[in-house]
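*Asks:* The structure file structure.cif (mmCIF, C-alpha atoms) is provided below.
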```
data_structure
#
loop_
_atom_site.label_atom_id
_atom_site.label_comp_id
_atom_site.auth_asym_id
_atom_site.auth_seq_id
_atom_site.Cartn_x
_atom_site.Cartn_y
_atom_site.Cartn_z
CA MET A 1 11.40 -23.68 -10.91
CA GLN A 2 13.49 -25.53 -8.35
CA PRO A 3 13.02 -24.66 -4.68
CA LYS A 4 15.48 -22.03 -3.50
CA MET A 5 16.68 -21.07 -0.06
CA LEU A 6 17.76 -17.62 1.06
CA THR A 7 19.39 -16.56 4.31
CA PRO A 8 17.70 -13.97 6.55
CA MET A 9 20.63 -11.66 5.77
CA GLN A 10 19.98 -11.89 2.02
CA LEU A 11 16.32 -11.15 2.66
CA PHE A 12 17.20 -8.22 4.93
CA ILE A 13 19.45 -6.71 2.26
CA GLY A 14 17.01 -7.36 -0.58
CA PHE A 15 14.11 -5.81 1.29
CA SER A 16 16.26 -2.88 2.43
CA LYS A 17 16.82 -2.15 -1.26
CA ILE A 18 13.08 -2.34 -1.88
CA GLY A 19 12.33 -0.07 1.07
CA MET A 20 14.93 2.51 0.22
CA SER A 21 14.18 2.72 -3.51
CA GLY A 22 10.43 2.67 -3.10
CA PHE A 23 9.65 6.24 -4.01
CA GLY A 24 5.94 6.84 -4.41
CA GLY A 25 4.84 3.46 -3.15
CA VAL A 26 6.89 0.34 -2.77
CA LEU A 27 4.94 -2.34 -4.65
CA PRO A 28 6.28 -1.56 -8.16
CA TRP A 29 9.79 -1.68 -6.69
CA ALA A 30 9.08 -4.91 -4.94
CA ARG A 31 8.17 -6.49 -8.29
CA ARG A 32 11.22 -5.02 -9.98
CA THR A 33 13.61 -6.25 -7.30
CA ILE A 34 12.10 -9.65 -6.50
CA VAL A 35 11.17 -10.70 -10.04
CA GLU A 36 13.45 -8.83 -12.43
CA GLN A 37 16.69 -8.26 -10.51
CA GLU A 38 17.04 -10.96 -7.85
CA LYS A 39 14.83 -13.50 -9.67
CA TRP A 40 13.60 -14.94 -6.36
CA LEU A 41 10.14 -15.50 -7.83
CA SER A 42 8.65 -15.73 -11.31
CA SER A 43 6.23 -13.02 -12.38
CA GLU A 44 3.28 -15.40 -11.91
CA GLU A 45 4.43 -16.51 -8.47
CA PHE A 46 4.91 -12.90 -7.45
CA SER A 47 1.44 -11.89 -8.65
CA ALA A 48 -0.15 -14.82 -6.85
CA MET A 49 1.64 -13.99 -3.63
CA LEU A 50 0.80 -10.31 -3.95
CA GLY A 51 -2.82 -11.25 -4.55
CA ILE A 52 -2.94 -13.06 -1.22
CA CYS A 53 -1.12 -10.19 0.52
CA GLN A 54 -3.59 -7.70 -0.86
CA ILE A 55 -6.69 -9.55 0.18
CA VAL A 56 -5.51 -9.99 3.73
CA PRO A 57 -5.91 -6.72 5.62
CA GLY A 58 -2.89 -4.71 6.68
CA PRO A 59 -0.04 -2.97 4.91
CA ASN A 60 0.43 -4.92 1.66
CA ILE A 61 4.17 -4.50 1.54
CA VAL A 62 4.67 -5.73 5.10
CA ASN A 63 2.46 -8.71 4.26
CA LEU A 64 4.60 -9.32 1.20
CA GLY A 65 7.73 -9.18 3.37
CA VAL A 66 6.22 -11.78 5.69
CA CYS A 67 5.18 -14.01 2.74
CA VAL A 68 8.45 -13.85 0.84
CA GLY A 69 10.61 -13.92 3.96
CA SER A 70 8.86 -16.91 5.53
CA ARG A 71 8.76 -18.80 2.24
CA PHE A 72 12.54 -18.70 1.87
CA ALA A 73 13.70 -18.67 5.52
CA GLY A 74 10.79 -19.27 7.91
CA VAL A 75 9.99 -16.95 10.80
CA PRO A 76 13.50 -15.43 10.98
CA GLY A 77 13.23 -14.69 7.27
CA ALA A 78 9.92 -12.90 7.78
CA PHE A 79 11.42 -10.77 10.58
CA ALA A 80 14.50 -10.01 8.50
CA ALA A 81 12.47 -8.96 5.47
CA VAL A 82 10.14 -6.68 7.44
CA MET A 83 13.00 -5.11 9.40
CA GLY A 84 14.94 -4.49 6.21
CA LEU A 85 11.89 -2.90 4.70
CA MET A 86 11.16 -0.56 7.61
CA LEU A 87 14.34 0.54 9.40
CA GLY A 88 15.79 2.91 6.80
CA PRO A 89 12.51 4.52 5.71
CA VAL A 90 11.36 5.09 9.32
CA ALA A 91 14.62 6.89 10.14
CA ILE A 92 14.39 9.06 7.03
CA VAL A 93 10.76 9.94 7.54
CA ILE A 94 11.42 11.03 11.13
CA LEU A 95 14.16 13.36 9.90
CA LEU A 96 11.75 14.76 7.31
CA GLY A 97 9.14 15.21 10.06
CA ILE A 98 11.61 17.31 12.03
CA LEU A 99 12.40 19.42 8.95
CA TYR A 100 8.68 19.83 8.32
CA GLU A 101 8.18 21.26 11.84
CA GLN A 102 10.86 23.85 11.09
CA TYR A 103 9.90 24.91 7.59
CA SER A 104 6.22 24.18 7.02
CA TYR A 105 5.34 27.86 7.45
CA MET A 106 7.10 28.68 4.16
CA PRO A 107 4.79 29.03 1.10
CA ILE A 108 7.38 27.24 -1.04
CA VAL A 109 7.29 24.18 1.21
CA GLN A 110 3.49 24.26 1.26
CA GLY A 111 3.35 24.42 -2.54
CA LEU A 112 5.93 21.66 -2.85
CA LEU A 113 3.90 19.32 -0.67
CA ARG A 114 0.64 20.14 -2.48
CA GLY A 115 2.23 19.20 -5.79
CA ILE A 116 3.73 16.00 -4.41
CA SER A 117 0.47 14.86 -2.82
CA ALA A 118 -1.41 15.24 -6.11
CA VAL A 119 1.23 13.09 -7.84
CA GLY A 120 1.10 10.61 -4.95
CA VAL A 121 -2.62 10.12 -5.45
CA GLY A 122 -1.95 9.46 -9.15
CA LEU A 123 0.75 6.90 -8.35
CA ILE A 124 -1.60 4.97 -6.10
CA ALA A 125 -4.33 5.03 -8.74
CA SER A 126 -1.98 3.84 -11.46
CA THR A 127 -0.97 0.83 -9.36
CA GLY A 128 -4.66 -0.07 -9.47
CA PHE A 129 -4.89 0.46 -13.23
CA LYS A 130 -1.82 -1.71 -13.84
CA MET A 131 -3.39 -4.51 -11.86
CA LEU A 132 -6.52 -4.01 -13.94
CA ARG A 133 -4.58 -4.95 -17.10
CA THR A 134 -4.06 -8.47 -15.76
CA GLU A 135 -7.78 -8.81 -15.11
CA LEU A 136 -8.60 -8.01 -18.73
CA LYS A 137 -7.47 -11.53 -19.66
CA TYR A 138 -10.74 -12.79 -18.20
CA PRO A 139 -13.34 -10.06 -18.85
CA PRO A 140 -16.20 -11.48 -16.70
CA MET A 141 -14.04 -10.71 -13.67
CA LEU A 142 -14.40 -7.01 -14.47
CA SER A 143 -17.90 -7.19 -12.98
CA VAL A 144 -16.29 -7.93 -9.59
CA ILE A 145 -14.12 -4.84 -9.90
CA PHE A 146 -17.06 -2.72 -10.99
CA LEU A 147 -19.18 -3.89 -8.05
CA THR A 148 -16.35 -3.27 -5.59
CA ILE A 149 -15.92 0.29 -6.79
CA LEU A 150 -19.65 0.90 -6.77
CA ALA A 151 -20.03 -0.38 -3.20
CA ALA A 152 -17.02 1.50 -1.87
CA THR A 153 -17.30 4.86 -3.60
CA TYR A 154 -20.97 5.27 -4.45
CA PHE A 155 -22.58 3.52 -1.49
CA HIS A 156 -19.72 4.42 0.88
CA LEU A 157 -19.72 1.00 2.48
CA GLY A 158 -16.93 0.21 4.92
CA ILE A 159 -14.16 -1.78 3.37
CA GLY A 160 -14.96 -4.93 5.36
CA TRP A 161 -18.56 -4.92 4.12
CA VAL A 162 -17.44 -4.41 0.54
CA VAL A 163 -15.28 -7.53 0.72
CA LEU A 164 -18.06 -9.58 2.33
CA LEU A 165 -20.59 -8.55 -0.30
CA VAL A 166 -18.44 -8.94 -3.39
CA SER A 167 -16.42 -12.07 -2.56
CA PRO A 168 -19.17 -14.62 -3.39
CA LEU A 169 -19.26 -13.35 -6.98
CA ALA A 170 -15.46 -13.14 -7.07
CA PHE A 171 -15.16 -16.78 -5.96
CA TYR A 172 -17.85 -17.96 -8.37
CA LEU A 173 -16.13 -16.28 -11.35
CA ALA A 174 -12.69 -17.42 -10.18
CA TRP A 175 -14.03 -20.98 -10.06
CA LYS A 176 -15.34 -20.67 -13.63
CA LYS A 177 -12.05 -19.15 -14.77
CA VAL A 178 -10.05 -22.03 -13.32
CA LYS A 179 -12.38 -24.71 -14.78
CA LYS A 180 -12.13 -23.13 -18.22
CA MET B 1 1.47 11.13 26.62
CA MET B 2 1.40 7.53 27.84
CA SER B 3 -2.36 7.34 27.44
CA ALA B 4 -2.14 8.84 23.95
CA LEU B 5 0.44 6.19 23.02
CA ILE B 6 -1.74 3.39 24.37
CA SER B 7 -4.74 4.72 22.47
CA LEU B 8 -2.60 5.00 19.32
CA PHE B 9 -1.37 1.44 19.70
CA LEU B 10 -4.78 -0.10 20.33
CA LYS B 11 -6.59 1.77 17.57
CA LEU B 12 -3.94 1.21 14.93
CA SER B 13 -3.73 -2.48 15.87
CA ALA B 14 -7.47 -2.77 15.30
CA PHE B 15 -7.22 -0.89 11.99
CA SER B 16 -4.53 -3.31 10.88
CA LEU B 17 -7.16 -6.03 10.86
CA VAL B 18 -9.71 -4.11 8.81
CA ALA B 19 -7.28 -2.56 6.31
CA PHE B 20 -8.39 -4.63 3.33
CA GLY B 21 -6.61 -3.24 0.30
CA GLY B 22 -3.67 -1.99 2.37
CA ILE B 23 -2.80 1.31 3.98
CA ASN B 24 -4.13 3.40 1.11
CA ALA B 25 -7.58 1.99 1.77
CA LEU B 26 -7.20 3.05 5.37
CA LEU B 27 -6.29 6.68 4.74
CA PRO B 28 -9.84 8.05 5.24
CA THR B 29 -10.12 6.15 8.54
CA LEU B 30 -6.72 7.43 9.64
CA TYR B 31 -7.78 10.94 8.76
CA ASP B 32 -10.91 10.58 10.83
CA LEU B 33 -8.98 9.27 13.84
CA SER B 34 -6.07 11.69 13.86
CA VAL B 35 -7.84 14.87 12.71
CA ASN B 36 -11.50 14.64 13.71
CA GLN B 37 -11.48 12.41 16.78
CA GLU B 38 -8.15 12.80 18.57
CA HIS B 39 -7.06 16.18 17.17
CA TRP B 40 -3.46 15.01 17.00
CA ILE B 41 -2.95 16.94 13.73
CA ASN B 42 -5.02 19.23 11.53
CA SER B 43 -6.28 18.55 8.04
CA GLN B 44 -3.40 20.36 6.35
CA THR B 45 -0.77 18.47 8.33
CA PHE B 46 -2.43 15.20 7.36
CA ALA B 47 -2.21 16.06 3.66
CA ASP B 48 1.41 17.18 4.14
CA TYR B 49 2.33 13.97 5.99
CA PHE B 50 0.82 12.02 3.09
CA ALA B 51 3.01 14.03 0.68
CA ILE B 52 6.14 13.47 2.79
CA ALA B 53 5.43 9.74 2.96
CA GLN B 54 5.06 9.72 -0.83
CA ALA B 55 8.24 11.67 -1.49
CA ALA B 56 10.37 9.74 0.99
CA PRO B 57 11.59 6.28 0.10
CA GLY B 58 9.62 3.51 1.75
CA PRO B 59 6.14 2.13 2.16
CA ASN B 60 3.03 4.30 2.07
CA LEU B 61 2.45 3.39 5.69
CA MET B 62 5.01 6.07 6.58
CA THR B 63 2.01 8.38 6.92
CA VAL B 64 1.16 6.30 9.99
CA THR B 65 4.76 6.55 11.23
CA LEU B 66 4.63 10.34 10.97
CA ILE B 67 1.35 10.56 12.89
CA GLY B 68 2.94 8.40 15.61
CA TRP B 69 6.00 10.61 15.66
CA LYS B 70 3.78 13.66 16.15
CA VAL B 71 2.01 11.99 19.07
CA GLY B 72 5.05 10.62 20.91
CA GLY B 73 8.35 11.36 19.19
CA VAL B 74 10.59 8.50 18.12
CA ILE B 75 8.85 6.07 20.49
CA GLY B 76 5.50 7.14 19.07
CA ALA B 77 6.78 6.51 15.54
CA ALA B 78 7.93 3.01 16.53
CA VAL B 79 4.67 2.25 18.37
CA ALA B 80 2.52 3.38 15.44
CA THR B 81 4.55 1.45 12.87
CA LEU B 82 4.51 -1.71 14.97
CA ALA B 83 0.80 -1.38 15.74
CA ILE B 84 -0.28 -1.11 12.12
CA ALA B 85 1.83 -4.12 11.10
CA TRP B 86 1.76 -6.84 13.76
CA PRO B 87 -1.82 -8.18 13.66
CA SER B 88 -1.94 -8.50 9.88
CA SER B 89 1.57 -9.98 9.78
CA ILE B 90 0.57 -12.82 12.06
CA MET B 91 -2.60 -13.36 10.07
CA ILE B 92 -0.84 -13.49 6.69
CA TYR B 93 1.85 -15.80 8.06
CA PHE B 94 -0.65 -18.52 8.89
CA LEU B 95 -2.97 -17.87 5.96
CA GLN B 96 -0.19 -18.02 3.40
CA ARG B 97 1.07 -21.33 4.73
CA SER B 98 -2.35 -22.89 4.53
CA ILE B 99 -2.96 -21.59 1.01
CA MET B 100 0.48 -22.63 -0.26
CA ARG B 101 0.19 -26.11 1.28
CA MET B 102 -3.14 -26.70 -0.34
CA GLN B 103 -2.95 -29.95 -2.34
CA ASP B 104 -5.64 -28.92 -4.77
CA ILE B 105 -3.90 -26.63 -7.24
CA GLN B 106 -7.19 -25.54 -8.82
CA LYS B 107 -8.55 -24.43 -5.48
CA GLN B 108 -5.37 -22.44 -4.87
CA LYS B 109 -5.63 -20.75 -8.28
CA MET B 110 -9.27 -19.94 -7.61
CA ILE B 111 -8.51 -18.20 -4.32
CA GLU B 112 -5.76 -16.21 -5.99
CA ALA B 113 -7.95 -15.13 -8.90
CA ALA B 114 -10.75 -14.02 -6.60
CA ALA B 115 -8.37 -12.18 -4.29
CA GLY B 116 -6.65 -10.48 -7.22
CA ALA B 117 -9.90 -9.10 -8.63
CA LEU B 118 -11.02 -7.83 -5.23
CA ALA B 119 -7.67 -6.14 -4.72
CA VAL B 120 -7.95 -4.25 -8.02
CA GLY B 121 -11.37 -2.92 -7.10
CA LEU B 122 -10.27 -1.92 -3.62
CA VAL B 123 -7.11 -0.13 -4.75
CA LEU B 124 -9.03 1.81 -7.41
CA SER B 125 -11.80 2.84 -5.00
CA ALA B 126 -9.27 3.81 -2.38
CA SER B 127 -7.35 6.07 -4.73
CA TRP B 128 -10.56 7.83 -5.69
CA GLY B 129 -11.35 8.34 -2.00
CA ILE B 130 -7.90 9.77 -1.31
CA ALA B 131 -8.13 12.11 -4.29
CA LEU B 132 -11.34 13.59 -2.91
CA GLN B 133 -9.66 14.18 0.43
CA ILE B 134 -6.31 15.55 -0.65
CA ASN B 135 -6.66 17.26 -4.01
CA ASN B 136 -8.12 20.68 -3.86
CA GLY B 137 -8.69 22.44 -7.12
CA ILE B 138 -8.77 21.47 -10.77
CA ALA B 139 -5.01 21.80 -11.20
CA ALA B 140 -4.40 19.11 -8.59
CA TYR B 141 -6.80 16.71 -10.33
CA LEU B 142 -5.13 17.41 -13.68
CA LEU B 143 -1.76 16.62 -12.14
CA THR B 144 -3.17 13.39 -10.70
CA ALA B 145 -4.63 12.43 -14.11
CA GLY B 146 -1.36 13.28 -15.85
CA THR B 147 0.54 11.13 -13.36
CA ILE B 148 -1.74 8.18 -14.08
CA ALA B 149 -1.34 8.58 -17.87
CA ILE B 150 2.44 8.90 -17.72
CA THR B 151 2.82 5.98 -15.32
CA LEU B 152 0.67 3.73 -17.50
CA PHE B 153 2.13 4.60 -20.90
CA THR B 154 5.80 5.28 -20.19
CA ARG B 155 8.49 3.73 -18.03
CA TRP B 156 9.41 6.96 -16.23
CA HIS B 157 10.81 6.63 -12.75
CA PRO B 158 8.09 7.80 -10.28
CA LEU B 159 10.71 10.07 -8.73
CA TYR B 160 10.65 12.27 -11.86
CA LEU B 161 6.91 12.67 -11.49
CA ILE B 162 7.25 13.54 -7.82
CA ALA B 163 9.91 16.12 -8.73
CA ILE B 164 7.71 17.62 -11.45
CA GLY B 165 4.75 17.75 -9.08
CA GLY B 166 6.89 19.41 -6.43
CA LEU B 167 8.17 22.02 -8.90
CA LEU B 168 4.67 22.79 -10.16
CA GLY B 169 3.64 23.23 -6.54
CA ILE B 170 6.59 25.50 -5.72
CA PHE B 171 5.71 27.78 -8.63
CA GLY B 172 2.16 28.01 -7.36
CA PHE B 173 0.35 26.07 -10.08
CA ILE B 174 -1.30 23.50 -7.79
#
```
Hey, can you dump this file as structure tokens for me?

*Replies:*
Amino acid sequence: MQPKMLTPMQLFIGFSKIGMSGFGGVLPWARRTIVEQEKWLSSEEFSAMLGICQIVPGPNIVNLGVCVGSRFAGVPGAFAAVMGLMLGPVAIVILLGILYEQYSYMPIVQGLLRGISAVGVGLIASTGFKMLRTELKYPPMLSVIFLTILAATYFHLGIGWVVLLVSPLAFYLAWKKVKK
Amino acid sequence: MMSALISLFLKLSAFSLVAFGGINALLPTLYDLSVNQEHWINSQTFADYFAIAQAAPGPNLMTVTLIGWKVGGVIGAAVATLAIAWPSSIMIYFLQRSIMRMQDIQKQKMIEAAAGALAVGLVLSASWGIALQINNGIAAYLLTAGTIAITLFTRWHPLYLIAIGGLLGIFGFI
């Protein structure tokens, strides 16, 4: 792929689209927009970048905005991408917060939100399962995933400790995978 | 209110640096801060803010924005959103450049493979943790499981699933 340049305005508009269409989590929409529609990155490039954004702490999608934005247009690009991502959704969510104050006493609203939150949990989990599919290409790596889950959910270790404990194995297996 | 805003800013900025696996991984910590420690909101409001953030367009971190809004109105929302994002943004900016500039392509691939596997584990553990916190009752878990199955095996727009979940909730099934 030849190197491409994008203006901060293009990044702002692209990431506004991602932010405003990202119902139930933004990452699937980020892939759809960046890889399938705009073709800014190939699927492999996107996955690699997302991998870095997900290992670094912080909101993944903001990290992705910084990565993609700065790759195509430096620091202004990073600002443009993150602003595009956040401005619309923040305004909408504040409006919804105001509505919630007014109507949260109603049983219908309470039921509505209970249903939505159960679906929301499922959407987050399915993002994880979709990422798991990629890992199946190199089965030994599944041990890393298993250990992470064990440490986090069974032993209730803080997320920083989990990363510290599991990363040596992850790096060892990644090294073997690359040498293969 | 000023002191609450400062506390919000400092604590969320610190969380930004330990939020491995993203905001979803942080939800239990956020719950602890806003419900148990600071009493900004109660448990029900937390679950409802999570639902609103899911139903609204935009990143999952909108749960944080809503908590900030509750603490200090529009300024609180801006402070909370900024706080959760700035430390990690600066970190990723420098880290990404050093990884992408790496001459050794194998080394780069290795870091990516390791990071990818860790991310999968963290996202899966986090979703399990959130389920325990937010779902109450078998019906809610069934809805969660159904959502996972449909998302994995069909190409339905998540918005349909959110609408179905909302309807089931309105009719009192969840």

*Asks:* For the PyMOL selection byres ((chain B and resi 12) around 12), applied here, can you spell out every residue it catches as a short mmCIF file (atom, residue, chain, number, x, y, z; two decimals) with C-alpha atoms, in the frame of the given file?

*Replies:*
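Just written: selection-v6.cif:
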```
data_model
loop_
_atom_site.label_atom_id
_atom_site.label_comp_id
_atom_site.auth_asym_id
_atom_site.auth_seq_id
_atom_site.Cartn_x
_atom_site.Cartn_y
_atom_site.Cartn_z
CA GLY A 58 -2.89 -4.71 6.68
CA PRO A 59 -0.04 -2.97 4.91
CA ALA B 4 -2.14 8.84 23.95
CA LEU B 5 0.44 6.19 23.02
CA ILE B 6 -1.74 3.39 24.37
CA SER B 7 -4.74 4.72 22.47
CA LEU B 8 -2.60 5.00 19.32
CA PHE B 9 -1.37 1.44 19.70
CA LEU B 10 -4.78 -0.10 20.33
CA LYS B 11 -6.59 1.77 17.57
CA SER B 13 -3.73 -2.48 15.87
CA ALA B 14 -7.47 -2.77 15.30
CA PHE B 15 -7.22 -0.89 11.99
CA SER B 16 -4.53 -3.31 10.88
CA LEU B 17 -7.16 -6.03 10.86
CA VAL B 18 -9.71 -4.11 8.81
CA ALA B 19 -7.28 -2.56 6.31
CA ILE B 23 -2.80 1.31 3.98
CA LEU B 26 -7.20 3.05 5.37
CA LEU B 27 -6.29 6.68 4.74
CA THR B 29 -10.12 6.15 8.54
CA LEU B 30 -6.72 7.43 9.64
CA LEU B 33 -8.98 9.27 13.84
CA SER B 34 -6.07 11.69 13.86
CA LEU B 61 2.45 3.39 5.69
CA VAL B 64 1.16 6.30 9.99
CA THR B 65 4.76 6.55 11.23
CA ILE B 67 1.35 10.56 12.89
CA GLY B 68 2.94 8.40 15.61
CA GLY B 76 5.50 7.14 19.07
CA ALA B 77 6.78 6.51 15.54
CA VAL B 79 4.67 2.25 18.37
CA ALA B 80 2.52 3.38 15.44
CA THR B 81 4.55 1.45 12.87
CA LEU B 82 4.51 -1.71 14.97
CA ALA B 83 0.80 -1.38 15.74
CA ILE B 84 -0.28 -1.11 12.12
CA ALA B 85 1.83 -4.12 11.10
CA TRP B 86 1.76 -6.84 13.76
CA PRO B 87 -1.82 -8.18 13.66
CA SER B 88 -1.94 -8.50 9.88
#
```

*Asks:* What's around region 140-146 of chain B at 9 Å? Count all atoms listed in the file, leave out sequence neighbours fewer than 2 positions away in its own chain, and write the answer as a VMD selection string.

*Replies:* (chain A and resid 114 to 115 117 to 123 125) or (chain B and resid 131 134 to 138 148 to 151 165 173 to 174)

*Asks:* Using only C-alpha atoms, find the one residue out of A:Val26, A:Ala151, A:Val82, A:Val35 that sits nearest to chain B.

*Replies:* A:Val26

*Asks:* Name every residue that the PyMOL selection byres ((chain A and resi 8) around 9) selects in this structure, writing the answer as a list in words with chains first and numbers rising.

*Replies:*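 Applying the expression gives Leu6, Thr7, Met9, Gln10, Leu11, Phe12, Ile13, Gly69, Phe72, Ala73, Gly74, Pro76, Gly77, Ala78, Phe79, Ala80 and Ala81 of chain A.
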
*Asks:* Return as JSON the box centre and box size in Å, one decimal, for an axis-aligned box around all listed atoms of region 91-106 of chain B padded by 4 Å per side.

*Replies:*
```
{"center_x": -2.7, "center_y": -21.7, "center_z": 0.6, "size_x": 17.0, "size_y": 24.6, "size_z": 26.9}
```

*Asks:* Need to verify the contact set: Lys130 (chain A), 10 Å, all atoms listed in the file, exclusion of same-chain residues closer than 2 positions in sequence. Can you return it as a list in words?

*Replies:*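 Here the qualifying residues turn out to be Pro28, Ala125, Ser126, Thr127, Gly128, Leu132, Arg133, Thr134 and Glu135 of chain A; Val120, Ile148, Thr151 and Leu152 of chain B.
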
*Asks:* So how many Å separate CA of Ile145 (chain A) and CA of Leu122 (chain B), to one decimal?

*Replies:*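 Between these atoms lies a distance of 7.9 Å.
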
*Asks:* Taking only C-alpha atoms into account, which of A:Pro107, A:Gly84, A:Gly19, A:Pro168 comes nearest chain B?

*Replies:*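 Checking each of A:Pro107, A:Gly84, A:Gly19, A:Pro168 against chain B, counting only C-alpha atoms, the winner is A:Gly19.
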
*Asks:* Per residue of region 25-101 of chain A within 8 Å of region 91-113 of chain B, which atom pair is closest and at what distance in Å (one decimal), using only C-alpha atoms, listed by chain and increasing number, as JSON lines?

*Replies:*
```
{"residue": "A:Ala48", "atom": "CA", "partner": "B:Glu112", "partner_atom": "CA", "distance": 5.8}
{"residue": "A:Gly51", "atom": "CA", "partner": "B:Glu112", "partner_atom": "CA", "distance": 5.9}
{"residue": "A:Ile52", "atom": "CA", "partner": "B:Glu112", "partner_atom": "CA", "distance": 6.4}
{"residue": "A:Cys53", "atom": "CA", "partner": "B:Ile92", "partner_atom": "CA", "distance": 7.0}
{"residue": "A:Val56", "atom": "CA", "partner": "B:Ile92", "partner_atom": "CA", "distance": 6.5}
{"residue": "A:Asn63", "atom": "CA", "partner": "B:Ile92", "partner_atom": "CA", "distance": 6.3}
{"residue": "A:Val66", "atom": "CA", "partner": "B:Tyr93", "partner_atom": "CA", "distance": 6.4}
{"residue": "A:Cys67", "atom": "CA", "partner": "B:Tyr93", "partner_atom": "CA", "distance": 6.5}
{"residue": "A:Ser70", "atom": "CA", "partner": "B:Tyr93", "partner_atom": "CA", "distance": 7.5}
```

*Asks:* From the list B:Asn42, B:Ser89, B:Gln133, B:Thr63, which residue is nearest chain A when using all atoms listed in the file?

*Replies:*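 For chain A, the nearest of the given residues is B:Ser89.
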
*Asks:* For Leu50 (chain A), work out the shell of residues within 8 Å, counting only C-alpha atoms and skipping chain neighbours fewer than 4 positions away, then give it as a PDB file with C-alpha atoms, in the coordinates of the input.

*Replies:*
```pdb
ATOM      1  CA  PHE A  46       4.910 -12.900  -7.450  1.00  0.00           C
ATOM      2  CA  GLN A  54      -3.590  -7.700  -0.860  1.00  0.00           C
ATOM      3  CA  ASN A  60       0.430  -4.920   1.660  1.00  0.00           C
ATOM      4  CA  LEU A  64       4.600  -9.320   1.200  1.00  0.00           C
TER       5      LEU A  64
END
```

*Asks:* Residue by residue, what does the PyMOL selection byres ((chain B and resi 123) around 9) grab here? Present the result as a VMD selection string.

*Replies:* (chain A and resid 124 to 125 127 to 129) or (chain B and resid 21 to 22 24 to 25 118 to 122 124 to 128)

*Asks:* For region 150-154 of chain A, supply all heavy atoms and format the output as a compact mmCIF listing (two decimals), in the frame of the given file.

*Replies:*
```
# COMPACT_ATOMS: atom_id res chain seq x y z
N LEU A 150 -18.32 0.36 -7.01
CA LEU A 150 -19.65 0.90 -6.77
C LEU A 150 -19.97 0.89 -5.26
O LEU A 150 -20.42 1.88 -4.69
CB LEU A 150 -20.68 0.05 -7.53
CG LEU A 150 -22.09 0.60 -7.61
CD1 LEU A 150 -22.12 1.79 -8.57
CD2 LEU A 150 -23.06 -0.48 -8.09
N ALA A 151 -19.71 -0.25 -4.62
CA ALA A 151 -20.03 -0.38 -3.20
C ALA A 151 -19.19 0.57 -2.35
O ALA A 151 -19.68 1.18 -1.41
CB ALA A 151 -19.80 -1.83 -2.75
N ALA A 152 -17.93 0.70 -2.71
CA ALA A 152 -17.02 1.50 -1.87
C ALA A 152 -17.18 3.00 -2.09
O ALA A 152 -17.22 3.77 -1.14
CB ALA A 152 -15.57 1.08 -2.11
N THR A 153 -17.31 3.42 -3.36
CA THR A 153 -17.30 4.86 -3.60
C THR A 153 -18.69 5.46 -3.72
O THR A 153 -18.93 6.57 -3.28
CB THR A 153 -16.49 5.22 -4.87
OG1 THR A 153 -17.12 4.63 -5.98
CG2 THR A 153 -15.06 4.73 -4.76
N TYR A 154 -19.64 4.71 -4.30
CA TYR A 154 -20.97 5.27 -4.45
C TYR A 154 -21.82 5.04 -3.21
O TYR A 154 -22.44 5.96 -2.69
CB TYR A 154 -21.66 4.69 -5.69
CG TYR A 154 -22.99 5.34 -6.00
CD1 TYR A 154 -23.04 6.61 -6.59
CD2 TYR A 154 -24.19 4.72 -5.68
CE1 TYR A 154 -24.25 7.23 -6.84
CE2 TYR A 154 -25.41 5.33 -5.93
CZ TYR A 154 -25.44 6.59 -6.52
OH TYR A 154 -26.63 7.20 -6.77
```
